[in-house]
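Asks: Structure supplied as start.pdb; contents: PDB, C-alpha atoms, pLDDT in the B column.
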```pdb
MODEL        1
ATOM      1  CA  MET E 786      -6.273  20.997  11.322  1.00 96.00           C
ATOM      2  CA  LEU E 787      -6.536  17.446  12.592  1.00 98.00           C
ATOM      3  CA  VAL E 788      -4.591  16.792  15.805  1.00 98.00           C
ATOM      4  CA  VAL E 789      -3.847  13.109  16.420  1.00 98.00           C
ATOM      5  CA  ASP E 790      -2.359  11.946  19.731  1.00 96.00           C
ATOM      6  CA  ASP E 791      -3.359   9.222  22.186  1.00 96.00           C
ATOM      7  CA  ASP E 792      -2.490  11.473  25.169  1.00 96.00           C
ATOM      8  CA  GLU E 793      -5.486  13.683  25.953  1.00 96.00           C
ATOM      9  CA  VAL E 794      -3.364  16.375  27.646  1.00 95.00           C
ATOM     10  CA  ILE E 795      -1.030  16.691  24.644  1.00 94.00           C
ATOM     11  CA  ARG E 796      -3.965  16.597  22.210  1.00 96.00           C
ATOM     12  CA  ARG E 797      -5.646  19.411  24.128  1.00 97.00           C
ATOM     13  CA  LEU E 798      -2.404  21.446  24.400  1.00 95.00           C
ATOM     14  CA  ILE E 799      -1.773  21.286  20.648  1.00 97.00           C
ATOM     15  CA  SER E 800      -5.435  22.024  19.879  1.00 97.00           C
ATOM     16  CA  VAL E 801      -5.625  25.050  22.184  1.00 97.00           C
ATOM     17  CA  ASN E 802      -2.420  26.537  20.758  1.00 96.00           C
ATOM     18  CA  LEU E 803      -3.725  26.160  17.209  1.00 97.00           C
ATOM     19  CA  GLN E 804      -7.183  27.491  18.103  1.00 97.00           C
ATOM     20  CA  MET E 805      -5.637  30.560  19.765  1.00 96.00           C
ATOM     21  CA  GLU E 806      -4.036  31.313  16.389  1.00 95.00           C
ATOM     22  CA  GLY E 807      -7.406  31.087  14.640  1.00 95.00           C
ATOM     23  CA  PHE E 808      -7.185  27.579  13.216  1.00 96.00           C
ATOM     24  CA  GLU E 809     -10.178  25.226  13.225  1.00 96.00           C
ATOM     25  CA  VAL E 810      -9.174  22.011  14.965  1.00 98.00           C
ATOM     26  CA  ALA E 811     -10.576  18.483  15.068  1.00 98.00           C
ATOM     27  CA  THR E 812      -8.955  15.666  17.026  1.00 98.00           C
ATOM     28  CA  ALA E 813      -8.391  11.925  16.867  1.00 98.00           C
ATOM     29  CA  VAL E 814      -6.897   9.533  19.428  1.00 97.00           C
ATOM     30  CA  ASP E 815      -4.863   7.323  17.045  1.00 97.00           C
ATOM     31  CA  GLY E 816      -4.030   6.629  13.427  1.00 97.00           C
ATOM     32  CA  GLU E 817      -7.110   4.490  12.816  1.00 97.00           C
ATOM     33  CA  GLU E 818      -9.428   7.275  13.974  1.00 98.00           C
ATOM     34  CA  CYS E 819      -7.407   9.781  11.942  1.00 98.00           C
ATOM     35  CA  LEU E 820      -7.876   7.782   8.743  1.00 97.00           C
ATOM     36  CA  GLY E 821     -11.596   7.515   9.471  1.00 96.00           C
ATOM     37  CA  LYS E 822     -12.026  11.242  10.172  1.00 97.00           C
ATOM     38  CA  VAL E 823      -9.706  12.785   7.606  1.00 97.00           C
ATOM     39  CA  HIS E 824     -12.210  12.562   4.740  1.00 95.00           C
ATOM     40  CA  ASP E 825     -14.998  14.159   6.795  1.00 96.00           C
ATOM     41  CA  VAL E 826     -12.873  16.894   8.364  1.00 96.00           C
ATOM     42  CA  ARG E 827     -10.789  17.566   5.224  1.00 95.00           C
ATOM     43  CA  PRO E 828      -7.956  19.328   7.060  1.00 96.00           C
ATOM     44  CA  ASP E 829      -5.082  21.166   5.392  1.00 94.00           C
ATOM     45  CA  LEU E 830      -2.659  19.860   8.007  1.00 97.00           C
ATOM     46  CA  VAL E 831      -2.427  16.847  10.323  1.00 98.00           C
ATOM     47  CA  THR E 832      -0.278  16.544  13.450  1.00 97.00           C
ATOM     48  CA  LEU E 833       0.673  13.004  14.412  1.00 97.00           C
ATOM     49  CA  ASP E 834       2.357  11.370  17.382  1.00 95.00           C
ATOM     50  CA  VAL E 835       4.698   8.484  16.556  1.00 92.00           C
ATOM     51  CA  MET E 836       3.735   6.159  19.413  1.00 90.00           C
ATOM     52  CA  MET E 837      -0.009   5.429  19.334  1.00 91.00           C
ATOM     53  CA  PRO E 838      -2.103   2.279  19.779  1.00 91.00           C
ATOM     54  CA  ARG E 839      -3.692   0.482  16.828  1.00 92.00           C
ATOM     55  CA  LEU E 840      -1.885   2.490  14.110  1.00 94.00           C
ATOM     56  CA  ASP E 841       1.236   4.523  14.840  1.00 94.00           C
ATOM     57  CA  GLY E 842       2.085   7.902  13.357  1.00 95.00           C
ATOM     58  CA  ILE E 843       4.663   6.643  10.853  1.00 95.00           C
ATOM     59  CA  ARG E 844       2.273   4.123   9.300  1.00 96.00           C
ATOM     60  CA  THR E 845      -0.552   6.694   9.417  1.00 97.00           C
ATOM     61  CA  ALA E 846       1.604   9.229   7.545  1.00 98.00           C
ATOM     62  CA  ALA E 847       2.526   6.608   4.944  1.00 97.00           C
ATOM     63  CA  ARG E 848      -1.142   5.726   4.423  1.00 97.00           C
ATOM     64  CA  LEU E 849      -2.110   9.402   4.105  1.00 98.00           C
ATOM     65  CA  ARG E 850       0.613   9.835   1.452  1.00 97.00           C
ATOM     66  CA  ALA E 851      -0.469   6.692  -0.419  1.00 97.00           C
ATOM     67  CA  ASP E 852      -4.089   7.871  -0.760  1.00 97.00           C
ATOM     68  CA  PRO E 853      -4.610  10.287  -3.697  1.00 97.00           C
ATOM     69  CA  ARG E 854      -7.311  12.073  -1.674  1.00 96.00           C
ATOM     70  CA  THR E 855      -4.923  12.895   1.196  1.00 97.00           C
ATOM     71  CA  ARG E 856      -1.432  12.895  -0.310  1.00 95.00           C
ATOM     72  CA  HIS E 857      -1.451  16.729  -0.496  1.00 95.00           C
ATOM     73  CA  LEU E 858      -1.943  17.153   3.273  1.00 96.00           C
ATOM     74  CA  LYS E 859       0.831  18.741   5.294  1.00 97.00           C
ATOM     75  CA  ILE E 860       1.942  16.422   8.090  1.00 98.00           C
ATOM     76  CA  VAL E 861       3.717  17.505  11.268  1.00 97.00           C
ATOM     77  CA  MET E 862       5.043  14.763  13.534  1.00 97.00           C
ATOM     78  CA  ILE E 863       5.111  15.754  17.222  1.00 94.00           C
ATOM     79  CA  SER E 864       6.817  13.028  19.217  1.00 91.00           C
ATOM     80  CA  ALA E 865       8.956  12.195  22.220  1.00 89.00           C
ATOM     81  CA  CYS E 866      10.944   9.944  19.868  1.00 83.00           C
ATOM     82  CA  ALA E 867      13.956  12.145  19.182  1.00 84.00           C
ATOM     83  CA  GLN E 868      16.426   9.621  17.730  1.00 89.00           C
ATOM     84  CA  SER E 869      17.705  10.458  14.264  1.00 90.00           C
ATOM     85  CA  ALA E 870      16.444   7.051  13.050  1.00 91.00           C
ATOM     86  CA  ASP E 871      12.889   8.033  14.092  1.00 89.00           C
ATOM     87  CA  ILE E 872      13.150  11.320  12.217  1.00 92.00           C
ATOM     88  CA  VAL E 873      14.505   9.556   9.117  1.00 94.00           C
ATOM     89  CA  ARG E 874      11.641   7.014   9.216  1.00 94.00           C
ATOM     90  CA  ALA E 875       9.132   9.863   9.506  1.00 95.00           C
ATOM     91  CA  ARG E 876      10.677  11.737   6.573  1.00 95.00           C
ATOM     92  CA  GLU E 877      10.644   8.554   4.479  1.00 95.00           C
ATOM     93  CA  ALA E 878       6.924   8.179   5.284  1.00 95.00           C
ATOM     94  CA  GLY E 879       6.317  11.681   3.904  1.00 95.00           C
ATOM     95  CA  VAL E 880       6.237  13.861   7.028  1.00 97.00           C
ATOM     96  CA  ASP E 881       6.809  17.562   6.271  1.00 97.00           C
ATOM     97  CA  ALA E 882       8.101  18.600   9.717  1.00 97.00           C
ATOM     98  CA  TYR E 883       9.175  16.890  12.945  1.00 96.00           C
ATOM     99  CA  LEU E 884       8.938  18.438  16.408  1.00 96.00           C
ATOM    100  CA  THR E 885      10.077  16.710  19.586  1.00 93.00           C
ATOM    101  CA  LYS E 886       8.180  16.698  22.864  1.00 90.00           C
ATOM    102  CA  PRO E 887       8.213  18.713  24.947  1.00 90.00           C
ATOM    103  CA  PHE E 888       7.664  21.209  22.141  1.00 91.00           C
ATOM    104  CA  ASP E 889       7.693  24.987  22.220  1.00 93.00           C
ATOM    105  CA  PRO E 890       4.172  26.225  21.330  1.00 94.00           C
ATOM    106  CA  ASP E 891       5.672  29.185  19.437  1.00 95.00           C
ATOM    107  CA  GLN E 892       7.753  26.784  17.345  1.00 96.00           C
ATOM    108  CA  LEU E 893       4.638  24.708  16.622  1.00 96.00           C
ATOM    109  CA  ILE E 894       2.824  27.801  15.343  1.00 96.00           C
ATOM    110  CA  ARG E 895       5.832  28.870  13.232  1.00 96.00           C
ATOM    111  CA  VAL E 896       6.048  25.418  11.642  1.00 97.00           C
ATOM    112  CA  VAL E 897       2.292  25.223  10.993  1.00 96.00           C
ATOM    113  CA  ARG E 898       2.170  28.731   9.519  1.00 95.00           C
ATOM    114  CA  GLY E 899       5.221  27.979   7.355  1.00 95.00           C
ATOM    115  CA  LEU E 900       3.616  24.836   5.973  1.00 95.00           C
ATOM    116  CA  SER E 901       0.141  26.340   5.613  1.00 78.00           C
ATOM    117  CA  PHE E 902       1.139  29.599   3.988  1.00 69.00           C
ATOM    118  CA  GLY E 903       4.735  29.084   2.882  1.00 58.00           C
TER     119      GLY E 903
ENDMDL
END
```
Mind turning this structure into structure tokens?

Replies:
Amino acid sequence: MLVVDDDEVIRRLISVNLQMEGFEVATAVDGEECLGKVHDVRPDLVTLDVMMPRLDGIRTAARLRADPRTRHLKIVMISACAQSADIVRAREAGVDAYLTKPFDPDQLIRVVRGLSFG
């Protein structure tokens, strides 16, 4: 898993919840770092925040989908942006699931397991 969020507390919270379920987790602070790390880490799933400096989550998701090497990745958007327009934009960019902050850790695990093994 590659957890991408500019907020260290949120990044750590998501990471710890995934690690407690046995997933290997790497992190990145924004979309630019994600795109740089994704080929080294080679995750099965990426979590993205919408609002990040340098490269936001929507544009990061679109770039992951446009690259043949990463288009197969499962992408979960975890964001405080809860407007239906935000969710539609994320879906159009290729996001597989959308969770709003504050998120329920159990729901996060259910979504990740569903995408990873479903």

Asks: Do a neighbour search on His857 in chain E at 12 Å with all atoms listed in the file, toss out local chain neighbours closer than 5 positions, and write the hits as a compact mmCIF listing (two decimals) with C-alpha atoms, in the frame of the given file.

Replies:
```txt
# COMPACT_ATOMS: atom_id res chain seq x y z
CA ARG E 827 -10.79 17.57 5.22
CA PRO E 828 -7.96 19.33 7.06
CA ASP E 829 -5.08 21.17 5.39
CA LEU E 830 -2.66 19.86 8.01
CA VAL E 831 -2.43 16.85 10.32
CA ALA E 846 1.60 9.23 7.54
CA LEU E 849 -2.11 9.40 4.11
CA ARG E 850 0.61 9.84 1.45
CA ALA E 851 -0.47 6.69 -0.42
CA ASP E 852 -4.09 7.87 -0.76
CA GLY E 879 6.32 11.68 3.90
CA VAL E 880 6.24 13.86 7.03
CA ASP E 881 6.81 17.56 6.27
CA LEU E 900 3.62 24.84 5.97
CA SER E 901 0.14 26.34 5.61
```

Asks: Please expand the PyMOL selection byres ((chain E and resi 810) around 9) into the concrete residues it hits in this file, giving the result as a list in words.

Replies: Met786, Leu787, Val788, Ser800, Val801, Leu803, Gln804, Phe808, Glu809, Ala811, Thr812 and Pro828 of chain E

Asks: For this structure, which residues satisfy the selection - the PyMOL selection byres ((chain E and resi 798) around 12) - when it is evaluated on the file as given? I want them as number ranges by chain.

Replies: E: 788-790, 792-797, 799-805, 810, 812, 863, 886-890, 893

Asks: Keeping only C-alpha atoms, write those residues as a short mmCIF file (atom, residue, chain, number, x, y, z; two decimals), in the frame of the given file.

Replies:
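Output below, filename result.cif:
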```
data_model
loop_
_atom_site.label_atom_id
_atom_site.label_comp_id
_atom_site.auth_asym_id
_atom_site.auth_seq_id
_atom_site.Cartn_x
_atom_site.Cartn_y
_atom_site.Cartn_z
CA VAL E 788 -4.59 16.79 15.80
CA VAL E 789 -3.85 13.11 16.42
CA ASP E 790 -2.36 11.95 19.73
CA ASP E 792 -2.49 11.47 25.17
CA GLU E 793 -5.49 13.68 25.95
CA VAL E 794 -3.36 16.38 27.65
CA ILE E 795 -1.03 16.69 24.64
CA ARG E 796 -3.96 16.60 22.21
CA ARG E 797 -5.65 19.41 24.13
CA ILE E 799 -1.77 21.29 20.65
CA SER E 800 -5.44 22.02 19.88
CA VAL E 801 -5.62 25.05 22.18
CA ASN E 802 -2.42 26.54 20.76
CA LEU E 803 -3.72 26.16 17.21
CA GLN E 804 -7.18 27.49 18.10
CA MET E 805 -5.64 30.56 19.76
CA VAL E 810 -9.17 22.01 14.96
CA THR E 812 -8.96 15.67 17.03
CA ILE E 863 5.11 15.75 17.22
CA LYS E 886 8.18 16.70 22.86
CA PRO E 887 8.21 18.71 24.95
CA PHE E 888 7.66 21.21 22.14
CA ASP E 889 7.69 24.99 22.22
CA PRO E 890 4.17 26.22 21.33
CA LEU E 893 4.64 24.71 16.62
#
```

Asks: Excluding Met862 in chain E and any residue of its chain fewer than 3 positions from it, enumerate the residues within 6 Å of it, using all atoms listed in the file, and give them as a PyMOL selection string.

Replies: chain E and resi 832-834+883

Asks: So how far away is CA of Gly899 in chain E from CA of Gly842 in chain E, in Å?

Replies: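 Rounded to one decimal, the two atoms are 21.2 Å apart.
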
Asks: Go ahead and compute the interatomic distance for CA of Val826 in chain E and CA of Thr885 in chain E, in Å to one decimal.

Replies: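 If I compute the distance from CA of Val826 in chain E to CA of Thr885 in chain E, I get 25.5 Å.
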
Asks: CA of Ile860 in chain E and CA of Ala847 in chain E, how far apart in Å?

Replies: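 CA of Ile860 in chain E lies 10.3 Å from CA of Ala847 in chain E.
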